$ cat structure_4.csv   # CSV, C-alpha atoms
chain,number,residue,atom,x,y,z
A,1,MET,CA,-99.3,-78.4,180.7
A,2,SER,CA,-98.9,-76.9,177.3
A,3,ALA,CA,-100.7,-73.7,176.3
A,4,SER,CA,-103.1,-75.6,174.1
A,5,ARG,CA,-104.0,-78.0,176.9
A,6,ALA,CA,-104.5,-75.1,179.3
A,7,TRP,CA,-106.8,-73.4,176.8
A,8,LEU,CA,-108.8,-76.6,176.3
A,9,ALA,CA,-109.1,-77.1,180.1
A,10,CYS,CA,-110.3,-73.5,180.4
A,11,LEU,CA,-112.8,-73.9,177.6
A,12,ALA,CA,-114.0,-77.1,179.2
A,13,MET,CA,-114.5,-75.3,182.5
A,14,VAL,CA,-116.4,-72.5,180.8
A,15,THR,CA,-118.6,-75.1,179.0
A,16,LEU,CA,-119.3,-77.0,182.1
A,17,SER,CA,-120.3,-73.9,184.0
A,18,CYS,CA,-122.7,-73.0,181.3
A,19,THR,CA,-124.7,-76.1,181.2
A,20,SER,CA,-128.3,-75.2,181.3
A,21,TYR,CA,-131.1,-77.3,182.9
A,22,ARG,CA,-134.6,-76.2,182.0
A,23,PRO,CA,-137.8,-77.4,183.6
A,24,LEU,CA,-140.4,-78.6,181.2
A,25,THR,CA,-143.3,-79.4,183.5
A,26,PRO,CA,-145.0,-77.6,186.4
A,27,ALA,CA,-145.4,-78.8,189.9
A,28,PRO,CA,-148.9,-80.2,190.8
A,29,PRO,CA,-150.9,-78.0,193.2
A,30,GLY,CA,-149.4,-77.5,196.6
A,31,ARG,CA,-146.2,-79.3,195.7
A,32,THR,CA,-142.7,-78.2,194.7
A,33,ALA,CA,-140.9,-78.8,191.4
A,34,THR,CA,-138.3,-76.1,190.7
A,35,LEU,CA,-134.9,-75.6,189.2
A,36,ASP,CA,-133.2,-72.5,190.4
A,37,GLY,CA,-132.1,-69.8,187.9
A,38,SER,CA,-128.5,-71.2,187.5
A,39,GLY,CA,-129.8,-74.7,187.2
A,40,SER,CA,-127.6,-75.9,190.0
A,41,GLN,CA,-130.3,-76.9,192.4
A,42,LEU,CA,-133.5,-78.9,191.8
A,43,ARG,CA,-136.2,-79.0,194.5
A,44,LEU,CA,-138.9,-81.6,194.4
A,45,SER,CA,-141.7,-82.7,196.7
A,46,ARG,CA,-141.8,-86.4,197.5
A,47,GLY,CA,-143.9,-88.1,194.9
A,48,VAL,CA,-143.5,-85.4,192.3
A,49,ALA,CA,-142.0,-85.9,188.8
A,50,LEU,CA,-140.3,-83.1,186.9
A,51,ALA,CA,-139.3,-83.3,183.2
A,52,PHE,CA,-136.3,-81.2,182.3
A,53,GLU,CA,-133.8,-80.8,179.5
A,54,CYS,CA,-130.1,-80.3,179.5
A,55,VAL,CA,-128.5,-77.9,177.1
A,56,THR,CA,-124.8,-76.8,176.8
A,57,GLY,CA,-123.7,-73.3,176.9
A,58,GLY,CA,-123.6,-73.3,173.1
A,59,GLY,CA,-127.2,-74.3,172.8
A,60,ASN,CA,-126.4,-77.9,171.9
A,61,PRO,CA,-127.8,-81.0,173.6
A,62,CYS,CA,-125.9,-82.3,176.6
A,63,GLY,CA,-124.0,-85.5,176.1
A,64,PRO,CA,-126.0,-88.7,175.4
A,65,GLY,CA,-124.8,-90.4,178.6
A,66,GLN,CA,-127.5,-91.6,181.0
A,67,PRO,CA,-127.8,-89.4,184.0
A,68,GLU,CA,-127.5,-90.9,187.5
A,69,VAL,CA,-128.5,-89.9,191.0
A,70,ASP,CA,-126.1,-90.6,193.8
A,71,ASP,CA,-128.8,-91.8,196.2
A,72,SER,CA,-131.8,-93.5,194.4
A,73,LYS,CA,-133.7,-93.7,197.7
A,74,ILE,CA,-134.0,-89.9,197.6
A,75,ALA,CA,-134.6,-89.4,193.9
A,76,ARG,CA,-134.6,-91.4,190.7
A,77,VAL,CA,-133.9,-90.2,187.1
A,78,PHE,CA,-135.3,-91.7,183.8
A,79,PRO,CA,-134.5,-90.9,180.2
A,80,MET,CA,-137.5,-89.2,178.4
A,81,HIS,CA,-138.7,-89.4,174.9
A,82,ALA,CA,-139.2,-86.0,173.3
A,83,ASN,CA,-142.1,-86.0,170.8
A,84,ARG,CA,-141.5,-82.5,169.5
A,85,PRO,CA,-138.0,-81.3,170.1
A,86,GLY,CA,-137.7,-77.6,170.3
A,87,GLY,CA,-135.6,-75.6,167.8
A,88,TYR,CA,-132.1,-74.8,168.7
A,89,ALA,CA,-130.1,-72.1,166.9
A,90,THR,CA,-126.9,-74.0,166.9
A,91,GLY,CA,-127.8,-77.5,167.9
A,92,SER,CA,-128.4,-80.0,165.3
A,93,SER,CA,-130.2,-82.7,167.3
A,94,ALA,CA,-132.9,-83.0,169.9
A,95,PRO,CA,-132.0,-81.9,173.4
A,96,GLN,CA,-131.5,-84.5,176.0
A,97,ARG,CA,-134.6,-84.8,178.2
A,98,HIS,CA,-135.0,-86.6,181.5
A,99,VAL,CA,-137.5,-87.1,184.3
A,100,VAL,CA,-136.5,-86.9,187.9
A,101,LEU,CA,-138.8,-88.3,190.6
A,102,GLY,CA,-138.7,-87.3,194.3
A,103,MET,CA,-138.7,-90.5,196.3
A,104,SER,CA,-138.1,-89.4,199.9
A,105,PRO,CA,-136.9,-86.3,201.7
A,106,GLY,CA,-133.2,-85.6,201.6
A,107,GLU,CA,-130.4,-84.3,199.4
A,108,THR,CA,-128.4,-85.9,196.7
A,109,TRP,CA,-126.7,-85.2,193.4
A,110,LEU,CA,-127.9,-85.7,189.8
A,111,ARG,CA,-125.0,-86.2,187.4
A,112,ILE,CA,-125.0,-86.1,183.7
A,113,PRO,CA,-121.7,-87.3,182.1
A,114,GLY,CA,-119.6,-84.3,181.0
A,115,GLU,CA,-122.0,-81.7,182.5
A,116,SER,CA,-122.1,-79.9,185.8
A,117,PRO,CA,-124.0,-81.8,188.5
A,118,VAL,CA,-127.3,-80.7,190.0
A,119,ARG,CA,-128.1,-80.7,193.6
A,120,VAL,CA,-131.4,-82.4,194.2
A,121,VAL,CA,-133.4,-81.5,197.3
A,122,VAL,CA,-136.5,-83.6,198.0
A,123,VAL,CA,-138.9,-82.1,200.5
A,124,PRO,CA,-141.8,-83.8,202.3
B,1,MET,CA,-140.8,-99.3,192.4
B,2,ASN,CA,-143.1,-101.7,190.7
B,3,ALA,CA,-143.2,-102.2,187.0
B,4,ALA,CA,-146.7,-102.8,186.0
B,5,HIS,CA,-148.8,-104.2,183.3
B,6,LEU,CA,-148.1,-104.3,179.6
B,7,VAL,CA,-150.8,-102.2,178.1
B,8,PRO,CA,-152.0,-102.5,174.5
B,9,PHE,CA,-151.7,-99.4,172.4
B,10,SER,CA,-154.6,-97.8,170.6
B,11,LEU,CA,-153.5,-96.3,167.4
B,12,ALA,CA,-155.2,-92.9,167.4
B,13,LEU,CA,-154.4,-89.3,167.6
B,14,ALA,CA,-156.0,-87.8,170.6
B,15,ASN,CA,-155.9,-84.7,172.6
B,16,ALA,CA,-154.0,-85.0,175.8
B,17,ALA,CA,-156.3,-85.7,178.6
B,18,CYS,CA,-156.4,-85.7,182.4
B,19,GLY,CA,-153.4,-83.4,182.7
B,20,MET,CA,-150.6,-85.6,181.3
B,21,ALA,CA,-147.4,-83.7,181.9
B,22,VAL,CA,-146.0,-83.4,178.4
B,23,GLN,CA,-149.1,-84.4,176.3
B,24,GLN,CA,-147.5,-87.4,174.7
B,25,ALA,CA,-149.9,-89.9,176.1
B,26,GLU,CA,-153.5,-90.1,177.3
B,27,LEU,CA,-154.4,-92.0,180.5
B,28,LYS,CA,-158.1,-92.5,181.3
B,29,ALA,CA,-160.3,-94.8,183.2
B,30,LYS,CA,-162.3,-97.3,181.2
B,31,ALA,CA,-165.9,-96.5,180.9
B,32,ALA,CA,-166.7,-100.0,182.2
B,33,ASP,CA,-165.4,-98.9,185.6
B,34,ASP,CA,-168.2,-96.3,185.7
B,35,SER,CA,-165.8,-93.9,187.3
B,36,PRO,CA,-164.7,-90.5,186.4
B,37,GLU,CA,-161.6,-90.0,184.4
B,38,LEU,CA,-158.2,-89.7,186.1
B,39,GLY,CA,-158.8,-86.1,186.7
B,40,ALA,CA,-160.3,-87.1,190.0
B,41,PRO,CA,-158.5,-88.5,193.1
B,42,LEU,CA,-158.5,-92.2,193.4
B,43,ALA,CA,-160.4,-93.6,196.4
B,44,VAL,CA,-158.5,-95.6,199.0
B,45,GLY,CA,-159.2,-99.2,198.0
B,46,GLY,CA,-160.4,-98.0,194.6
B,47,THR,CA,-159.2,-99.7,191.4
B,48,ILE,CA,-159.1,-98.5,187.9
B,49,HIS,CA,-158.0,-100.3,184.7
B,50,PRO,CA,-156.8,-97.4,182.7
B,51,ASN,CA,-156.5,-97.1,179.0
B,52,ILE,CA,-153.2,-95.7,177.7
B,53,ARG,CA,-153.0,-94.0,174.3
B,54,ALA,CA,-149.6,-92.7,173.2
B,55,THR,CA,-149.6,-89.8,170.7
B,56,LEU,CA,-146.1,-89.9,169.3
B,57,ASP,CA,-145.0,-88.2,166.1
B,58,GLY,CA,-144.0,-90.4,163.3
B,59,THR,CA,-144.3,-93.7,165.1
B,60,ALA,CA,-146.8,-96.2,166.4
B,61,SER,CA,-146.5,-96.7,170.1
B,62,PRO,CA,-144.0,-99.0,171.7
B,63,SER,CA,-145.3,-101.3,174.4
B,64,LEU,CA,-146.0,-99.2,177.4
B,65,LEU,CA,-145.9,-99.9,181.1
B,66,LEU,CA,-147.3,-98.0,184.1
B,67,VAL,CA,-144.9,-97.4,186.9
B,68,SER,CA,-145.9,-95.9,190.2
B,69,GLY,CA,-143.4,-93.7,191.9
B,70,HIS,CA,-144.8,-94.7,195.3
B,71,PRO,CA,-146.5,-98.1,195.3
B,72,GLU,CA,-147.5,-97.6,198.9
B,73,ILE,CA,-149.8,-94.8,197.7
B,74,VAL,CA,-150.8,-96.2,194.3
B,75,SER,CA,-149.9,-99.6,193.2
B,76,ALA,CA,-149.6,-100.5,189.5
B,77,GLU,CA,-150.0,-104.2,189.0
B,78,ASP,CA,-151.6,-106.3,186.3
B,79,GLY,CA,-152.8,-103.2,184.4
B,80,LYS,CA,-154.6,-101.9,187.4
B,81,LEU,CA,-154.0,-98.8,189.5
B,82,THR,CA,-155.2,-99.2,193.1
B,83,GLY,CA,-155.3,-96.5,195.8
B,84,ARG,CA,-153.4,-97.8,198.8
B,85,SER,CA,-153.2,-94.9,201.2
B,86,PRO,CA,-153.9,-91.1,201.1
B,87,GLY,CA,-151.2,-89.1,199.3
B,88,MET,CA,-149.9,-88.2,195.9
B,89,THR,CA,-147.5,-89.8,193.5
B,90,ALA,CA,-146.4,-89.6,189.9
B,91,ILE,CA,-147.5,-92.4,187.6
B,92,LEU,CA,-145.0,-92.8,184.8
B,93,VAL,CA,-145.8,-94.2,181.4
B,94,THR,CA,-142.7,-95.9,180.2
B,95,THR,CA,-141.4,-98.2,177.5
B,96,ARG,CA,-140.1,-101.6,178.4
B,97,GLU,CA,-136.6,-100.0,178.4
B,98,GLY,CA,-137.6,-97.5,181.0
B,99,VAL,CA,-137.9,-94.4,178.7
B,100,VAL,CA,-140.6,-92.1,180.0
B,101,VAL,CA,-143.2,-91.2,177.4
B,102,ASP,CA,-145.3,-89.1,179.8
B,103,PHE,CA,-146.4,-89.0,183.4
B,104,HIS,CA,-149.4,-88.0,185.5
B,105,HIS,CA,-149.7,-87.0,189.2
B,106,LEU,CA,-152.4,-89.0,190.9
B,107,TRP,CA,-153.9,-88.2,194.3
B,108,VAL,CA,-155.4,-90.8,196.6
B,109,GLU,CA,-158.1,-89.9,199.2
B,110,ARG,CA,-160.1,-91.7,201.8
B,111,ALA,CA,-163.8,-91.3,201.1
B,112,THR,CA,-165.7,-89.1,203.5
B,113,ARG,CA,-169.2,-90.2,202.2
B,114,ALA,CA,-170.9,-92.6,199.9
B,115,THR,CA,-174.1,-92.5,197.9
B,116,LEU,CA,-176.1,-95.3,196.3
B,117,HIS,CA,-177.4,-94.9,192.7
B,118,ARG,CA,-180.0,-96.8,190.8
B,119,LEU,CA,-179.2,-98.2,187.4
B,120,TYR,CA,-181.2,-99.5,184.5
B,121,ALA,CA,-180.6,-103.1,183.5
B,122,ASP,CA,-178.4,-102.0,180.7
B,123,GLY,CA,-176.1,-100.1,183.1
B,124,ARG,CA,-177.3,-96.5,182.5
B,125,GLU,CA,-177.6,-94.5,185.6
B,126,MET,CA,-181.1,-93.6,186.8
B,127,GLY,CA,-180.2,-91.4,189.7
B,128,GLU,CA,-179.1,-91.2,193.3
B,129,VAL,CA,-181.3,-93.0,195.8
B,130,SER,CA,-182.6,-90.6,198.4
B,131,GLY,CA,-183.2,-92.7,201.4
B,132,HIS,CA,-186.1,-95.0,200.5
B,133,ILE,CA,-187.2,-97.3,197.8
B,134,ASP,CA,-190.4,-99.2,197.1
B,135,VAL,CA,-189.7,-102.5,195.6
B,136,ILE,CA,-192.1,-104.9,193.8
B,137,LEU,CA,-191.6,-108.5,195.0
B,138,GLY,CA,-189.5,-110.4,192.6
B,139,GLU,CA,-188.5,-107.5,190.4
B,140,PRO,CA,-184.7,-106.8,190.1
B,141,LEU,CA,-183.2,-103.6,191.3
B,142,TYR,CA,-179.8,-102.5,190.2
B,143,LEU,CA,-177.6,-100.4,192.5
B,144,THR,CA,-174.0,-99.1,192.5
B,145,PRO,CA,-172.2,-96.8,195.0
B,146,LYS,CA,-170.3,-93.6,194.4
B,147,LEU,CA,-167.6,-92.3,196.8
B,148,TYR,CA,-166.9,-88.7,197.6
B,149,PHE,CA,-164.2,-86.6,199.3
B,150,GLY,CA,-166.4,-83.7,200.4
B,151,ALA,CA,-168.1,-82.6,197.2
B,152,GLN,CA,-165.6,-84.3,194.9
B,153,GLU,CA,-166.5,-87.7,193.4
B,154,LEU,CA,-163.6,-90.1,193.7
B,155,ALA,CA,-162.4,-92.4,191.0
B,156,GLY,CA,-162.0,-96.1,191.2
B,157,ALA,CA,-164.2,-99.2,191.7
B,158,VAL,CA,-164.3,-100.0,195.4
B,159,GLU,CA,-165.6,-103.3,196.7
B,160,GLY,CA,-167.6,-103.0,199.8
B,161,LYS,CA,-169.6,-105.2,202.1
B,162,TRP,CA,-173.3,-105.4,201.3
B,163,SER,CA,-175.9,-106.5,203.8
B,164,VAL,CA,-179.7,-106.4,204.2
B,165,GLU,CA,-181.5,-106.6,207.6
B,166,PRO,CA,-183.9,-108.3,207.9
B,167,PRO,CA,-183.0,-110.5,204.8
B,168,LEU,CA,-186.0,-109.8,202.7
B,169,VAL,CA,-183.9,-109.0,199.7
B,170,HIS,CA,-181.3,-111.2,198.1
B,171,ILE,CA,-178.1,-109.5,196.8
B,172,TYR,CA,-176.6,-110.9,193.6
B,173,ASP,CA,-173.1,-110.0,192.5
B,174,GLU,CA,-173.4,-109.2,188.8
B,175,GLY,CA,-169.7,-109.7,188.2
B,176,VAL,CA,-169.3,-106.0,187.2
B,177,ALA,CA,-167.3,-103.8,189.5
B,178,GLN,CA,-169.5,-102.5,192.4
B,179,ARG,CA,-172.8,-103.3,190.7
B,180,ARG,CA,-175.3,-105.4,192.5
B,181,ARG,CA,-178.7,-106.8,191.5
B,182,LEU,CA,-181.2,-107.0,194.3
B,183,VAL,CA,-184.3,-109.2,194.2
B,184,ALA,CA,-186.9,-108.9,196.9
B,185,GLU,CA,-188.0,-112.3,198.1
B,186,ARG,CA,-190.5,-111.4,200.9
B,187,PRO,CA,-192.8,-108.4,201.6
B,188,GLY,CA,-191.8,-106.1,204.5
B,189,VAL,CA,-189.4,-103.3,205.4
B,190,ALA,CA,-185.7,-103.7,205.4
B,191,VAL,CA,-182.5,-101.7,205.4
B,192,LEU,CA,-179.6,-102.2,203.0
B,193,ARG,CA,-176.2,-101.2,204.2
B,194,LEU,CA,-173.0,-100.9,202.2
B,195,GLU,CA,-169.7,-100.6,204.1
B,196,LEU,CA,-166.8,-99.1,202.1
B,197,PRO,CA,-163.4,-97.9,203.2
B,198,GLY,CA,-164.0,-94.7,205.1
B,199,ALA,CA,-167.7,-94.4,204.4
B,200,GLU,CA,-171.0,-96.2,204.6
B,201,ALA,CA,-174.3,-95.9,202.7
B,202,GLN,CA,-177.7,-97.2,203.5
B,203,VAL,CA,-181.2,-97.2,202.1
B,204,SER,CA,-184.5,-98.5,203.4
B,205,PHE,CA,-186.7,-100.8,201.4
B,206,ARG,CA,-190.4,-101.5,201.4
B,207,VAL,CA,-191.1,-104.7,199.6
B,208,VAL,CA,-194.6,-104.7,198.1
B,209,ASP,CA,-196.4,-107.9,197.0
B,210,PRO,CA,-198.5,-106.9,193.9
B,211,ASN,CA,-200.7,-110.0,194.4
B,212,ALA,CA,-201.5,-109.0,197.9
B,213,ARG,CA,-202.7,-105.6,196.6
B,214,LYS,CA,-205.1,-107.4,194.2
B,215,GLU,CA,-206.7,-109.0,197.2
B,216,VAL,CA,-207.9,-105.7,198.5
B,217,PRO,CA,-211.7,-105.8,198.6
B,218,GLU,CA,-213.6,-103.8,195.9
B,219,GLY,CA,-214.6,-100.3,197.1
B,220,ALA,CA,-211.7,-100.1,199.5
B,221,THR,CA,-209.4,-97.1,199.2

$ encode --input "structure_4.csv" --output "structure tokens"
Amino acid sequence: MSASRAWLACLAMVTLSCTSYRPLTPAPPGRTATLDGSGSQLRLSRGVALAFECVTGGGNPCGPGQPEVDDSKIARVFPMHANRPGGYATGSSAPQRHVVLGMSPGETWLRIPGESPVRVVVVP
Amino acid sequence: MNAAHLVPFSLALANAACGMAVQQAELKAKAADDSPELGAPLAVGGTIHPNIRATLDGTASPSLLLVSGHPEIVSAEDGKLTGRSPGMTAILVTTREGVVVDFHHLWVERATRATLHRLYADGREMGEVSGHIDVILGEPLYLTPKLYFGAQELAGAVEGKWSVEPPLVHIYDEGVAQRRRLVAERPGVAVLRLELPGAEAQVSFRVVDPNARKEVPEGAT
């Protein structure tokens, strides 16, 4: 591997590790809808929907690819329209926003192309 | 997951209502359902025909669908939301392509009590019936039920089983959700019962014949 390729791979790893997932909506009373501080785990109650956005370490929107969940019996994910995209210092376009829905208790992974995956835990 | 009914868009700016998650749409019960807005839990067996209004910047609304996260709790079919079993689920407002515009969490509860309410002929509510009604023979009486979970009124029109014993009063279905027109056909005392999912309401009637009163001898008190 050439030095430039190694540098690019390193940069890609840093970028991947800095993907930020931000919750946009609260949980309904008595239910759970949280993203942990590092954005690596999302906890949802069954039946609860959570809107979130994905931002790269540089403040730009995550890639346009449609996210997927490994096990759609546990959780489903939908693209979301953003009416009023927030301002981003370095980003030039609206952040990618999605809605994840807890279907049944269990664990699975939510994957956005090119970004670090999120562990999804659905609780009763 | 069931995709539901295509709902026409009302082009209007509106404040977000009933706790829509990201305030890009408004979802409320139609007034004709005579039920509270979707801020209240939906009764088991209760049905609402919600109005959807999208409030999107710079665009009219696309065609919108209602999608229930858990159809076994709330089904979304033919433009109606129906409470199927106690619980909670998200109702997504999506485009035909499955893009979420907004969502709302909706609870479903089994009613713990029911009350009967008198209506004017034009549908305005007169008040809750408190156990007994005097009815003039032949005059129509309009009634509708309300369902509660404890002190909280539940949303949704629920069809129940109406009966009168003895059958002095005829019950006419007005074709409007839950509303009935009662016409007394014979003098006497009767009890009206309404059986609903999880609750029952009843009221006693005394049917008075005004012609019979005219026959009371002069001087009698």

$ atom_distance --input "structure_4.csv" --atom1 "atom CA of A:Arg46" --atom2 "atom CA of A:Ala27"
11.3 Å

$ interface_residues --input "structure_4.csv" --of "chain B" --to "chain A" --cutoff "6 Å" --atoms "only C-alpha atoms" --output "VMD selection string"
chain B and resid 56 to 57 89 to 90 99 to 101

$ write_last_selection --input "structure_4.csv" --atoms "C-alpha atoms" --output "tab-separated table (two decimals), in the frame of the given file"
chain	number	residue	atom	x	y	z
B	56	LEU	CA	-146.10	-89.90	169.30
B	57	ASP	CA	-145.00	-88.20	166.10
B	89	THR	CA	-147.50	-89.80	193.50
B	90	ALA	CA	-146.40	-89.60	189.90
B	99	VAL	CA	-137.90	-94.40	178.70
B	100	VAL	CA	-140.60	-92.10	180.00
B	101	VAL	CA	-143.20	-91.20	177.40

$ atom_distance --input "structure_4.csv" --atom1 "atom CA of B:Ser75" --atom2 "atom CA of B:His49"
11.8 Å

$ residues_around --input "structure_4.csv" --residues "B:Asp102" --least-positions-apart "5" --cutoff "8 Å" --atoms "only C-alpha atoms" --output "list in words"
Met80 of chain A; Met20, Ala21, Val22, Gln23, Gln24, Ala25, Leu92, Val93 and Thr94 of chain B

$ residues_around --input "structure_4.csv" --residues "B:Gly123" --least-positions-apart "2" --cutoff "12 Å" --atoms "only C-alpha atoms" --output "list in words"
Ala31, Ala32, Asp33, Asp34, His117, Arg118, Leu119, Tyr120, Ala121, Glu125, Met126, Gly127, Leu141, Tyr142, Leu143, Thr144, Glu174, Val176, Ala177, Gln178, Arg179, Arg180 and Arg181 of chain B

$ write_last_selection --input "structure_4.csv" --atoms "C-alpha atoms" --output "PDB file, in the frame of the given file"
ATOM      1  CA  ALA B  31    -165.900 -96.500 180.900  1.00  0.00           C
ATOM      2  CA  ALA B  32    -166.700-100.000 182.200  1.00  0.00           C
ATOM      3  CA  ASP B  33    -165.400 -98.900 185.600  1.00  0.00           C
ATOM      4  CA  ASP B  34    -168.200 -96.300 185.700  1.00  0.00           C
ATOM      5  CA  HIS B 117    -177.400 -94.900 192.700  1.00  0.00           C
ATOM      6  CA  ARG B 118    -180.000 -96.800 190.800  1.00  0.00           C
ATOM      7  CA  LEU B 119    -179.200 -98.200 187.400  1.00  0.00           C
ATOM      8  CA  TYR B 120    -181.200 -99.500 184.500  1.00  0.00           C
ATOM      9  CA  ALA B 121    -180.600-103.100 183.500  1.00  0.00           C
ATOM     10  CA  GLU B 125    -177.600 -94.500 185.600  1.00  0.00           C
ATOM     11  CA  MET B 126    -181.100 -93.600 186.800  1.00  0.00           C
ATOM     12  CA  GLY B 127    -180.200 -91.400 189.700  1.00  0.00           C
ATOM     13  CA  LEU B 141    -183.200-103.600 191.300  1.00  0.00           C
ATOM     14  CA  TYR B 142    -179.800-102.500 190.200  1.00  0.00           C
ATOM     15  CA  LEU B 143    -177.600-100.400 192.500  1.00  0.00           C
ATOM     16  CA  THR B 144    -174.000 -99.100 192.500  1.00  0.00           C
ATOM     17  CA  GLU B 174    -173.400-109.200 188.800  1.00  0.00           C
ATOM     18  CA  VAL B 176    -169.300-106.000 187.200  1.00  0.00           C
ATOM     19  CA  ALA B 177    -167.300-103.800 189.500  1.00  0.00           C
ATOM     20  CA  GLN B 178    -169.500-102.500 192.400  1.00  0.00           C
ATOM     21  CA  ARG B 179    -172.800-103.300 190.700  1.00  0.00           C
ATOM     22  CA  ARG B 180    -175.300-105.400 192.500  1.00  0.00           C
ATOM     23  CA  ARG B 181    -178.700-106.800 191.500  1.00  0.00           C
TER      24      ARG B 181
END

$ atom_distance --input "structure_4.csv" --atom1 "atom CA of B:Lys146" --atom2 "atom CA of B:Glu109"
13.6 Å

$ closest_residue --input "structure_4.csv" --among "B:Arg110, B:Arg96, B:Arg193, B:Arg206" --to "B:Leu147" --atoms "all atoms listed in the file"
B:Arg110

$ residues_around --input "structure_4.csv" --residues "stretch 152-164 of chain B" --least-positions-apart "5" --cutoff "6 Å" --atoms "all atoms listed in the file" --output "PDB file with C-alpha atoms, in the coordinates of the input"
ATOM      1  CA  SER B  35    -165.800 -93.900 187.300  1.00  0.00           C
ATOM      2  CA  PRO B  36    -164.700 -90.500 186.400  1.00  0.00           C
ATOM      3  CA  ALA B  40    -160.300 -87.100 190.000  1.00  0.00           C
ATOM      4  CA  PRO B  41    -158.500 -88.500 193.100  1.00  0.00           C
ATOM      5  CA  LEU B  42    -158.500 -92.200 193.400  1.00  0.00           C
ATOM      6  CA  ALA B  43    -160.400 -93.600 196.400  1.00  0.00           C
ATOM      7  CA  GLY B  45    -159.200 -99.200 198.000  1.00  0.00           C
ATOM      8  CA  GLY B  46    -160.400 -98.000 194.600  1.00  0.00           C
ATOM      9  CA  THR B  47    -159.200 -99.700 191.400  1.00  0.00           C
ATOM     10  CA  ILE B  48    -159.100 -98.500 187.900  1.00  0.00           C
ATOM     11  CA  LEU B 147    -167.600 -92.300 196.800  1.00  0.00           C
ATOM     12  CA  ALA B 177    -167.300-103.800 189.500  1.00  0.00           C
ATOM     13  CA  GLN B 178    -169.500-102.500 192.400  1.00  0.00           C
ATOM     14  CA  VAL B 191    -182.500-101.700 205.400  1.00  0.00           C
ATOM     15  CA  LEU B 192    -179.600-102.200 203.000  1.00  0.00           C
ATOM     16  CA  ARG B 193    -176.200-101.200 204.200  1.00  0.00           C
ATOM     17  CA  LEU B 194    -173.000-100.900 202.200  1.00  0.00           C
ATOM     18  CA  GLU B 195    -169.700-100.600 204.100  1.00  0.00           C
ATOM     19  CA  LEU B 196    -166.800 -99.100 202.100  1.00  0.00           C
TER      20      LEU B 196
END

$ residues_around --input "structure_4.csv" --residues "A:Gln66" --least-positions-apart "2" --cutoff "7 Å" --atoms "only C-alpha atoms" --output "PyMOL selection string"
chain A and resi 64+68+112

$ write_last_selection --input "structure_4.csv" --atoms "C-alpha atoms" --output "compact mmCIF listing (two decimals), keeping the file's coordinate frame"
# COMPACT_ATOMS: atom_id res chain seq x y z
CA PRO A 64 -126.00 -88.70 175.40
CA GLU A 68 -127.50 -90.90 187.50
CA ILE A 112 -125.00 -86.10 183.70

$ residues_near_point --input "structure_4.csv" --point "(-127.5, -87.3, 201.5)" --cutoff "12 Å" --atoms "all atoms listed in the file" --output "mmCIF file with C-alpha atoms, in the coordinates of the input"
data_model
loop_
_atom_site.group_PDB
_atom_site.id
_atom_site.type_symbol
_atom_site.label_atom_id
_atom_site.label_comp_id
_atom_site.auth_asym_id
_atom_site.auth_seq_id
_atom_site.Cartn_x
_atom_site.Cartn_y
_atom_site.Cartn_z
ATOM 1 C CA VAL A 69 -128.500 -89.900 191.000
ATOM 2 C CA ASP A 70 -126.100 -90.600 193.800
ATOM 3 C CA ASP A 71 -128.800 -91.800 196.200
ATOM 4 C CA SER A 72 -131.800 -93.500 194.400
ATOM 5 C CA LYS A 73 -133.700 -93.700 197.700
ATOM 6 C CA ILE A 74 -134.000 -89.900 197.600
ATOM 7 C CA ALA A 75 -134.600 -89.400 193.900
ATOM 8 C CA SER A 104 -138.100 -89.400 199.900
ATOM 9 C CA PRO A 105 -136.900 -86.300 201.700
ATOM 10 C CA GLY A 106 -133.200 -85.600 201.600
ATOM 11 C CA GLU A 107 -130.400 -84.300 199.400
ATOM 12 C CA THR A 108 -128.400 -85.900 196.700
ATOM 13 C CA TRP A 109 -126.700 -85.200 193.400
ATOM 14 C CA LEU A 110 -127.900 -85.700 189.800
ATOM 15 C CA ARG A 119 -128.100 -80.700 193.600
ATOM 16 C CA VAL A 120 -131.400 -82.400 194.200
ATOM 17 C CA VAL A 121 -133.400 -81.500 197.300
ATOM 18 C CA VAL A 122 -136.500 -83.600 198.000
#

$ residues_around --input "structure_4.csv" --residues "stretch 132-140 of chain B" --least-positions-apart "2" --cutoff "9 Å" --atoms "only C-alpha atoms" --output "ChimeraX atom specification"
/B:121,129-130,142,181-187,203-210
